[in-house]
>>> print(open('final12.txt').read())   # compact mmCIF, C-alpha atoms and all ligand atoms
# COMPACT_ATOMS: atom_id res chain seq x y z
CA MET A 16 9.41 5.08 28.88
CA GLN A 17 8.79 5.70 32.56
CA ALA A 18 11.87 4.86 34.65
CA VAL A 19 11.23 2.62 37.64
CA VAL A 20 14.88 2.77 38.72
CA ASP A 21 17.14 5.69 37.88
CA LEU A 22 20.72 6.09 39.07
CA LYS A 23 22.51 9.36 38.38
CA SER A 24 26.24 9.85 39.04
CA VAL A 25 26.29 7.53 42.02
CA HIS A 26 29.47 7.43 44.08
CA LYS A 27 30.24 5.01 46.86
CA ARG A 28 33.42 4.62 48.88
CA PHE A 29 34.43 2.00 51.38
CA GLY A 30 37.16 3.73 53.36
CA SER A 31 39.74 4.90 50.85
CA GLN A 32 38.41 2.58 48.12
CA HIS A 33 36.27 4.31 45.49
CA VAL A 34 33.93 1.46 44.52
CA LEU A 35 31.27 3.28 42.49
CA CYS A 36 32.65 6.17 40.47
CA GLY A 37 29.72 8.02 38.94
CA VAL A 38 27.37 5.19 38.01
CA SER A 39 24.31 6.14 35.96
CA PHE A 40 21.70 3.93 34.34
CA SER A 41 17.96 3.62 34.28
CA VAL A 42 15.43 0.83 34.07
CA GLY A 43 12.00 1.25 32.54
CA ARG A 44 8.85 -0.46 33.74
CA GLY A 45 8.85 -4.10 32.67
CA GLN A 46 12.47 -3.95 31.56
CA VAL A 47 15.05 -6.61 32.36
CA VAL A 48 18.55 -5.24 32.89
CA ALA A 49 21.54 -7.56 33.26
CA ILE A 50 24.60 -6.19 35.04
CA ILE A 51 27.81 -7.96 34.10
CA GLY A 52 31.47 -7.35 34.86
CA LYS A 53 34.42 -8.97 36.55
CA SER A 54 34.77 -9.61 40.25
CA GLY A 55 35.16 -6.41 42.26
CA SER A 56 33.78 -4.11 39.55
CA GLY A 57 31.00 -2.90 41.86
CA LYS A 58 28.00 -4.88 40.61
CA SER A 59 26.70 -6.02 44.00
CA THR A 60 27.40 -2.64 45.54
CA ALA A 61 25.31 -0.94 42.84
CA LEU A 62 22.46 -3.37 43.47
CA ARG A 63 22.70 -2.94 47.24
CA CYS A 64 22.57 0.84 46.88
CA ILE A 65 19.29 0.54 44.96
CA ASN A 66 17.72 -1.24 47.94
CA ARG A 67 19.56 1.02 50.40
CA LEU A 68 21.47 -1.85 51.93
CA GLU A 69 24.28 0.63 51.29
CA HIS A 70 24.01 4.39 51.43
CA VAL A 71 25.46 6.35 48.50
CA ASP A 72 28.05 9.08 49.13
CA ALA A 73 26.95 11.23 46.20
CA GLY A 74 24.52 11.16 43.29
CA THR A 75 20.86 10.25 43.22
CA ILE A 76 18.87 7.04 43.05
CA GLN A 77 15.17 7.21 42.30
CA VAL A 78 13.16 3.99 42.69
CA CYS A 79 9.44 4.25 41.89
CA ASN A 80 8.59 7.37 43.89
CA HIS A 81 11.34 6.93 46.48
CA ALA A 82 14.41 9.14 46.66
CA VAL A 83 16.76 6.44 47.88
CA HIS A 84 19.73 8.82 48.32
CA ASP A 85 17.68 11.00 50.70
CA PRO A 86 18.66 10.39 54.34
CA ALA A 87 14.97 10.91 55.21
CA LEU A 88 13.90 7.96 53.02
CA ASN A 89 11.18 5.74 54.45
CA LEU A 90 12.98 2.40 54.33
CA ARG A 91 9.89 0.30 54.96
CA GLU A 92 8.10 1.84 52.01
CA LEU A 93 11.11 1.37 49.75
CA ARG A 94 11.52 -2.28 50.74
CA ARG A 95 7.83 -2.87 50.07
CA ASP A 96 8.42 -1.93 46.44
CA VAL A 97 11.81 -3.60 45.94
CA GLY A 98 12.50 -7.31 46.36
CA ILE A 99 16.02 -8.68 46.47
CA VAL A 100 17.24 -12.26 46.10
CA PHE A 101 20.81 -13.29 46.81
CA GLN A 102 23.05 -16.21 45.96
CA SER A 103 22.36 -17.70 49.40
CA TYR A 104 18.68 -18.43 49.90
CA ASN A 105 18.45 -17.41 53.57
CA LEU A 106 15.30 -19.42 54.20
CA PHE A 107 14.34 -20.09 57.81
CA PRO A 108 15.21 -23.79 58.33
CA HIS A 109 12.64 -24.33 61.11
CA LEU A 110 9.73 -23.04 59.00
CA THR A 111 7.97 -24.82 56.15
CA VAL A 112 8.07 -23.41 52.64
CA LEU A 113 4.59 -21.98 53.15
CA GLN A 114 5.52 -20.40 56.49
CA ASN A 115 8.69 -18.90 54.98
CA ILE A 116 6.57 -17.22 52.33
CA THR A 117 3.67 -16.03 54.51
CA LEU A 118 5.96 -14.47 57.13
CA GLY A 119 6.53 -11.22 55.20
CA PRO A 120 2.94 -10.65 54.08
CA THR A 121 1.51 -11.30 57.58
CA SER A 122 4.12 -9.36 59.55
CA VAL A 123 5.08 -6.51 57.23
CA LYS A 124 1.88 -6.17 55.21
CA ARG A 125 -0.42 -7.24 58.06
CA MET A 126 -2.29 -9.59 55.76
CA SER A 127 -4.63 -12.14 57.36
CA ALA A 128 -3.29 -15.69 57.66
CA ALA A 129 -5.86 -16.98 55.16
CA GLU A 130 -5.08 -14.26 52.62
CA ALA A 131 -1.33 -14.78 53.01
CA ARG A 132 -1.77 -18.52 52.54
CA GLY A 133 -3.70 -17.97 49.32
CA LEU A 134 -1.02 -15.61 48.06
CA ALA A 135 1.77 -18.03 49.04
CA LEU A 136 0.12 -20.87 47.12
CA GLU A 137 -0.23 -18.58 44.14
CA VAL A 138 3.45 -17.55 44.10
CA LEU A 139 4.53 -21.15 44.70
CA ALA A 140 2.58 -22.14 41.59
CA ARG A 141 4.39 -19.40 39.67
CA VAL A 142 7.77 -20.92 40.55
CA GLY A 143 6.51 -24.46 39.91
CA LEU A 144 6.58 -25.68 43.51
CA SER A 145 2.92 -26.13 44.43
CA ASP A 146 3.68 -29.58 45.81
CA LYS A 147 6.34 -28.32 48.26
CA ALA A 148 4.26 -26.01 50.45
CA ASP A 149 4.62 -28.20 53.53
CA ALA A 150 8.25 -29.23 52.99
CA TYR A 151 11.12 -27.85 55.04
CA PRO A 152 14.02 -26.14 53.23
CA GLU A 153 16.46 -29.00 53.98
CA GLN A 154 14.14 -31.36 52.07
CA LEU A 155 14.59 -29.32 48.89
CA SER A 156 17.35 -29.11 46.30
CA GLY A 157 19.36 -25.90 46.03
CA GLY A 158 17.43 -24.90 42.93
CA GLN A 159 14.12 -25.50 44.67
CA GLN A 160 15.25 -23.49 47.69
CA GLN A 161 16.24 -20.63 45.44
CA ARG A 162 12.82 -20.76 43.75
CA VAL A 163 11.21 -20.59 47.21
CA ALA A 164 13.36 -17.53 47.93
CA ILE A 165 12.08 -15.96 44.70
CA ALA A 166 8.49 -16.88 45.63
CA ARG A 167 8.98 -15.32 49.07
CA SER A 168 10.10 -12.12 47.43
CA LEU A 169 7.20 -12.21 44.94
CA ALA A 170 4.72 -12.59 47.81
CA MET A 171 5.60 -9.05 48.86
CA GLN A 172 4.28 -7.92 45.47
CA PRO A 173 7.27 -5.72 44.63
CA GLN A 174 7.43 -3.22 41.76
CA VAL A 175 10.97 -4.25 40.96
CA MET A 176 13.10 -7.27 41.74
CA LEU A 177 16.86 -7.39 42.18
CA PHE A 178 18.81 -10.63 41.76
CA ASP A 179 22.46 -10.93 42.76
CA GLU A 180 24.04 -13.98 41.14
CA VAL A 181 21.16 -16.17 42.25
CA THR A 182 22.38 -19.19 40.30
CA SER A 183 26.09 -19.02 41.10
CA ALA A 184 25.94 -21.68 43.82
CA LEU A 185 23.94 -24.13 41.71
CA ASP A 186 25.03 -26.86 39.33
CA PRO A 187 23.99 -26.43 35.67
CA GLU A 188 20.75 -28.41 35.83
CA LEU A 189 19.45 -26.52 38.86
CA THR A 190 20.67 -23.25 37.35
CA GLY A 191 18.46 -23.94 34.34
CA GLU A 192 15.31 -24.38 36.39
CA VAL A 193 15.90 -21.13 38.29
CA LEU A 194 16.65 -19.23 35.08
CA LYS A 195 13.43 -20.59 33.61
CA VAL A 196 11.48 -19.09 36.52
CA MET A 197 13.23 -15.77 36.05
CA GLU A 198 12.54 -15.79 32.33
CA LYS A 199 8.86 -16.41 33.07
CA LEU A 200 8.81 -13.43 35.45
CA ALA A 201 10.38 -11.32 32.73
CA VAL A 202 7.76 -12.40 30.20
CA GLU A 203 5.02 -11.60 32.73
CA GLY A 204 6.32 -8.04 32.83
CA MET A 205 8.26 -7.89 36.08
CA THR A 206 10.85 -5.11 36.21
CA MET A 207 14.13 -6.85 36.99
CA ILE A 208 17.78 -6.01 37.55
CA LEU A 209 20.07 -8.97 37.74
CA VAL A 210 23.75 -9.35 38.33
CA THR A 211 24.70 -12.46 36.42
CA HIS A 212 27.46 -14.50 34.86
CA GLU A 213 24.91 -16.27 32.65
CA MET A 214 25.75 -14.68 29.32
CA ALA A 215 23.18 -16.71 27.40
CA PHE A 216 20.48 -15.47 29.74
CA ALA A 217 21.68 -11.87 29.39
CA ARG A 218 21.71 -12.23 25.63
CA ASN A 219 18.29 -13.89 25.33
CA VAL A 220 16.21 -12.37 28.11
CA ALA A 221 17.63 -8.95 28.99
CA ASP A 222 16.39 -5.79 27.30
CA LYS A 223 19.59 -4.04 28.28
CA VAL A 224 23.05 -5.05 29.42
CA VAL A 225 25.18 -2.89 31.70
CA PHE A 226 28.88 -3.79 31.70
CA MET A 227 30.63 -2.48 34.79
CA HIS A 228 34.37 -2.01 34.98
CA GLN A 229 36.35 -0.32 37.75
CA GLY A 230 33.21 1.08 39.37
CA GLN A 231 31.86 2.63 36.20
CA VAL A 232 29.31 1.78 33.56
CA TRP A 233 31.86 1.01 30.88
CA GLU A 234 29.39 -0.05 28.20
CA GLU A 235 25.62 -0.17 28.12
CA GLY A 236 23.17 -1.21 25.46
CA ALA A 237 21.08 -3.89 23.83
CA PRO A 238 22.33 -7.47 24.33
CA ALA A 239 23.75 -7.36 20.81
CA MET A 240 26.71 -5.51 22.33
CA LEU A 241 27.82 -8.87 23.74
CA THR A 242 28.55 -10.12 20.27
CA ASN A 243 30.04 -6.83 19.16
CA PRO A 244 31.84 -5.14 22.09
CA ALA A 245 32.86 -1.52 21.63
CA THR A 246 35.62 -1.56 24.24
CA PRO A 247 38.64 -3.84 24.69
CA GLU A 248 37.59 -4.35 28.32
CA LEU A 249 34.24 -5.90 27.37
CA ARG A 250 35.89 -7.86 24.60
CA GLN A 251 38.35 -9.28 27.10
CA PHE A 252 35.63 -10.00 29.67
CA ILE A 253 33.57 -11.96 27.17
CA GLY A 254 36.67 -13.66 25.81
CA ASN A 255 37.35 -15.04 29.27
CA GLY A 256 34.12 -16.95 28.93
CA LEU A 257 32.71 -15.50 32.14
N1 LIG B 301 31.01 -3.65 52.93
C1 LIG B 301 32.17 -3.46 52.31
N2 LIG B 301 33.22 -2.95 52.97
C2 LIG B 301 34.39 -2.72 52.34
N3 LIG B 301 34.61 -2.97 51.04
C3 LIG B 301 33.60 -3.49 50.33
C4 LIG B 301 32.33 -3.76 50.92
N4 LIG B 301 31.51 -4.26 49.96
C5 LIG B 301 32.25 -4.31 48.83
N5 LIG B 301 33.50 -3.84 49.04
C6 LIG B 301 34.55 -3.72 48.02
O1 LIG B 301 34.03 -3.04 46.91
C7 LIG B 301 34.51 -3.59 45.68
C8 LIG B 301 33.32 -3.96 44.82
O2 LIG B 301 32.63 -5.03 45.44
P1 LIG B 301 31.32 -5.66 44.85
O3 LIG B 301 30.88 -6.68 45.82
O4 LIG B 301 30.35 -4.60 44.51
O5 LIG B 301 31.88 -6.33 43.53
P2 LIG B 301 31.16 -7.30 42.51
O6 LIG B 301 31.29 -6.69 41.16
O7 LIG B 301 29.81 -7.65 42.99
O8 LIG B 301 32.13 -8.58 42.55
P3 LIG B 301 31.77 -10.16 42.51
O9 LIG B 301 31.60 -10.51 41.05
O10 LIG B 301 33.00 -10.82 43.08
O11 LIG B 301 30.55 -10.40 43.33
C9 LIG B 301 35.39 -4.76 46.08
O12 LIG B 301 36.72 -4.36 46.01
C10 LIG B 301 34.98 -5.06 47.49
O13 LIG B 301 36.06 -5.59 48.21
MG MG B 302 28.91 -9.40 43.69
>>> encode(input="final12.txt", output="structure tokens")
Amino acid sequence: MQAVVDLKSVHKRFGSQHVLCGVSFSVGRGQVVAIIGKSGSGKSTALRCINRLEHVDAGTIQVCNHAVHDPALNLRELRRDVGIVFQSYNLFPHLTVLQNITLGPTSVKRMSAAEARGLALEVLARVGLSDKADAYPEQLSGGQQQRVAIARSLAMQPQVMLFDEVTSALDPELTGEVLKVMEKLAVEGMTMILVTHEMAFARNVADKVVFMHQGQVWEEGAPAMLTNPATPELRQFIGNGL
């Protein structure tokens, strides 16, 4: 299978703290990879390195045809291929849902207003919010705002999408509606890497689970590993019900 994302022996330090200690894993086209692990294990840092929000100290990261570790990387081209959605939605409060979504395509991709509008309506339909195009973010629930954030990212037509605990701030009902959207994206063939505490989602939707511990990939494999951990660390993590 062709790898869309490939990390090899990635190291990252913050000052004296060694946060990623030789992280390697790869993601094939159309694959869904769930990264799990306890707080501070390096999950977000790994994700941020893939999008070059952080620069690695050693190792290589290949994303599509971009050498992300290369100081000469063209950031704009990388970001065109990689979408990222965070726990906080970061929507512009003074813009409507539609305007939030068309901003990227018109400014970064230089799409015409009409074309961007058509695309925005299309991605809004994909996240089930066709009726909210003219609403302002404050008029939406947290789950709806997060779905707009996902739609905004989709409008950039990325090759791969990264999700960092996108449901952690939501109550269970709203979490469910966001997970449903993500599951639909997975079924449609989107390549996705998600940091998540939603074990049921990891078990049912992911093709591969990466368990991080102390800055390393401690265990990696099919979701079945969640019911049959090979290491005491994963066993303990799952036992904590996280
Ligand atoms: N910009 C930064 N500067 C200094 N230290 C950082 C920075 N970002 C992360 N760290 C440290 O790196 C370690 C790993 O952080 P990271 O955010 O990757 O963990 P995580 O697995 O995502 O945890 P959580 O589940 O709490 O989100 C932590 O000890 C954190 O304090
Ligand atoms: Mg994190």
>>> atom_distance(input="final12.txt", atom1="atom CA of A:Gln251", atom2="atom CA of A:Phe226")
11.9 Å
>>> residues_around(input="final12.txt", residues="A:Cys36", least_positions_apart="2", cutoff="9 Å", atoms="all atoms listed in the file", output="tab-separated table (two decimals) with C-alpha atoms, keeping the file's coordinate frame")
chain	number	residue	atom	x	y	z
A	24	SER	CA	26.24	9.85	39.04
A	25	VAL	CA	26.29	7.53	42.02
A	26	HIS	CA	29.47	7.43	44.08
A	27	LYS	CA	30.24	5.01	46.86
A	28	ARG	CA	33.42	4.62	48.88
A	33	HIS	CA	36.27	4.31	45.49
A	34	VAL	CA	33.93	1.46	44.52
A	38	VAL	CA	27.37	5.19	38.01
A	229	GLN	CA	36.35	-0.32	37.75
A	230	GLY	CA	33.21	1.08	39.37
A	231	GLN	CA	31.86	2.63	36.20
A	232	VAL	CA	29.31	1.78	33.56
>>> residues_around(input="final12.txt", residues="stretch 131-145 of chain A", least_positions_apart="4", cutoff="8 Å", atoms="all atoms listed in the file", output="VMD selection string")
chain A and resid 113 116 to 117 120 to 121 126 to 127 159 162 to 163 165 to 167 169 to 170 196
>>> closest_atom_pairs(input="final12.txt", of="chain A", to="ligand MG 302 (chain B)", cutoff="9 Å", atoms="all atoms listed in the file", output="Markdown table")
| residue | atom | partner | partner_atom | distance |
| --- | --- | --- | --- | --- |
| A:Ser54 | CA | B:MG302 | MG | 6.8 |
| A:Gly55 | CA | B:MG302 | MG | 7.1 |
| A:Ser56 | CA | B:MG302 | MG | 8.3 |
| A:Gly57 | CA | B:MG302 | MG | 7.1 |
| A:Lys58 | CA | B:MG302 | MG | 5.5 |
| A:Ser59 | CA | B:MG302 | MG | 4.1 |
| A:Thr60 | CA | B:MG302 | MG | 7.2 |
| A:Leu62 | CA | B:MG302 | MG | 8.8 |
| A:Asp179 | CA | B:MG302 | MG | 6.7 |
| A:Glu180 | CA | B:MG302 | MG | 7.2 |
| A:Val210 | CA | B:MG302 | MG | 7.4 |
| A:Thr211 | CA | B:MG302 | MG | 8.9 |
>>> write_last_selection(input="final12.txt", atoms="C-alpha atoms", output="PDB file, in the coordinates of the input")
ATOM      1  CA  SER A  54      34.770  -9.610  40.250  1.00  0.00           C
ATOM      2  CA  GLY A  55      35.160  -6.410  42.260  1.00  0.00           C
ATOM      3  CA  SER A  56      33.780  -4.110  39.550  1.00  0.00           C
ATOM      4  CA  GLY A  57      31.000  -2.900  41.860  1.00  0.00           C
ATOM      5  CA  LYS A  58      28.000  -4.880  40.610  1.00  0.00           C
ATOM      6  CA  SER A  59      26.700  -6.020  44.000  1.00  0.00           C
ATOM      7  CA  THR A  60      27.400  -2.640  45.540  1.00  0.00           C
ATOM      8  CA  LEU A  62      22.460  -3.370  43.470  1.00  0.00           C
ATOM      9  CA  ASP A 179      22.460 -10.930  42.760  1.00  0.00           C
ATOM     10  CA  GLU A 180      24.040 -13.980  41.140  1.00  0.00           C
ATOM     11  CA  VAL A 210      23.750  -9.350  38.330  1.00  0.00           C
ATOM     12  CA  THR A 211      24.700 -12.460  36.420  1.00  0.00           C
TER      13      THR A 211
END
>>> atom_distance(input="final12.txt", atom1="atom O11 of ligand LIG 301 (chain B)", atom2="atom CA of A:Ser183")
10.0 Å
>>> axis_aligned_box(input="final12.txt", around="ligand LIG 301 (chain B)", padding_each_side="6 Å", output="lines of an AutoDock Vina configuration file")
center_x = 33.3
center_y = -6.8
center_z = 47.0
size_x = 18.9
size_y = 20.1
size_z = 23.9
>>> atom_distance(input="final12.txt", atom1="atom CA of A:Ile51", atom2="atom CA of A:Val225")
6.2 Å
>>> residues_around(input="final12.txt", residues="A:Val47", least_positions_apart="4", cutoff="6 Å", atoms="only C-alpha atoms", output="PyMOL selection string")
chain A and resi 206-208+221-222
>>> build_atoms(input="final12.txt", residues="stretch 193-204 of chain A", atoms="all heavy atoms", output="compact mmCIF listing (two decimals), in the frame of the given file")
# COMPACT_ATOMS: atom_id res chain seq x y z
N VAL A 193 16.07 -22.46 37.69
CA VAL A 193 15.90 -21.13 38.29
C VAL A 193 15.83 -20.06 37.20
O VAL A 193 14.98 -19.15 37.25
CB VAL A 193 17.04 -20.83 39.30
CG1 VAL A 193 16.97 -19.38 39.77
CG2 VAL A 193 16.96 -21.78 40.49
N LEU A 194 16.68 -20.20 36.18
CA LEU A 194 16.65 -19.23 35.08
C LEU A 194 15.31 -19.26 34.35
O LEU A 194 14.80 -18.23 33.91
CB LEU A 194 17.79 -19.50 34.09
CG LEU A 194 19.20 -19.23 34.62
CD1 LEU A 194 20.24 -19.56 33.56
CD2 LEU A 194 19.37 -17.80 35.09
N LYS A 195 14.72 -20.45 34.27
CA LYS A 195 13.43 -20.59 33.61
C LYS A 195 12.36 -19.77 34.36
O LYS A 195 11.52 -19.10 33.76
CB LYS A 195 13.03 -22.07 33.54
CG LYS A 195 12.38 -22.47 32.23
CD LYS A 195 12.02 -23.95 32.19
CE LYS A 195 13.19 -24.84 31.83
NZ LYS A 195 12.89 -26.28 31.97
N VAL A 196 12.41 -19.86 35.68
CA VAL A 196 11.48 -19.09 36.52
C VAL A 196 11.69 -17.59 36.30
O VAL A 196 10.73 -16.82 36.15
CB VAL A 196 11.66 -19.46 38.01
CG1 VAL A 196 10.99 -18.44 38.91
CG2 VAL A 196 11.08 -20.86 38.27
N MET A 197 12.95 -17.20 36.24
CA MET A 197 13.23 -15.77 36.05
C MET A 197 12.79 -15.29 34.68
O MET A 197 12.30 -14.16 34.51
CB MET A 197 14.71 -15.50 36.29
CG MET A 197 15.06 -15.69 37.76
SD MET A 197 16.81 -15.72 38.06
CE MET A 197 17.22 -14.04 37.66
N GLU A 198 12.97 -16.16 33.68
CA GLU A 198 12.54 -15.79 32.33
C GLU A 198 11.01 -15.62 32.29
O GLU A 198 10.49 -14.72 31.65
CB GLU A 198 13.00 -16.87 31.34
CG GLU A 198 12.65 -16.51 29.92
CD GLU A 198 13.36 -17.40 28.89
OE1 GLU A 198 14.17 -18.25 29.30
OE2 GLU A 198 13.09 -17.21 27.70
N LYS A 199 10.32 -16.49 33.02
CA LYS A 199 8.86 -16.41 33.07
C LYS A 199 8.44 -15.08 33.72
O LYS A 199 7.53 -14.41 33.23
CB LYS A 199 8.34 -17.61 33.88
CG LYS A 199 6.84 -17.76 33.91
CD LYS A 199 6.46 -19.22 34.23
CE LYS A 199 5.08 -19.32 34.83
NZ LYS A 199 5.05 -19.24 36.30
N LEU A 200 9.11 -14.71 34.80
CA LEU A 200 8.81 -13.43 35.45
C LEU A 200 9.01 -12.28 34.47
O LEU A 200 8.21 -11.34 34.42
CB LEU A 200 9.74 -13.20 36.66
CG LEU A 200 9.51 -14.06 37.89
CD1 LEU A 200 10.51 -13.67 38.97
CD2 LEU A 200 8.09 -13.88 38.38
N ALA A 201 10.08 -12.37 33.70
CA ALA A 201 10.38 -11.32 32.73
C ALA A 201 9.26 -11.22 31.70
O ALA A 201 8.78 -10.13 31.38
CB ALA A 201 11.71 -11.61 32.04
N VAL A 202 8.83 -12.37 31.21
CA VAL A 202 7.76 -12.40 30.20
C VAL A 202 6.45 -11.84 30.78
O VAL A 202 5.69 -11.17 30.10
CB VAL A 202 7.55 -13.85 29.68
CG1 VAL A 202 6.30 -13.95 28.83
CG2 VAL A 202 8.77 -14.29 28.88
N GLU A 203 6.23 -12.10 32.08
CA GLU A 203 5.02 -11.60 32.73
C GLU A 203 5.07 -10.10 32.99
O GLU A 203 4.11 -9.51 33.46
CB GLU A 203 4.80 -12.34 34.07
CG GLU A 203 4.37 -13.79 33.88
CD GLU A 203 4.47 -14.61 35.17
OE1 GLU A 203 4.89 -14.05 36.21
OE2 GLU A 203 4.14 -15.80 35.14
N GLY A 204 6.24 -9.50 32.74
CA GLY A 204 6.32 -8.04 32.83
C GLY A 204 6.97 -7.49 34.08
O GLY A 204 6.93 -6.28 34.32
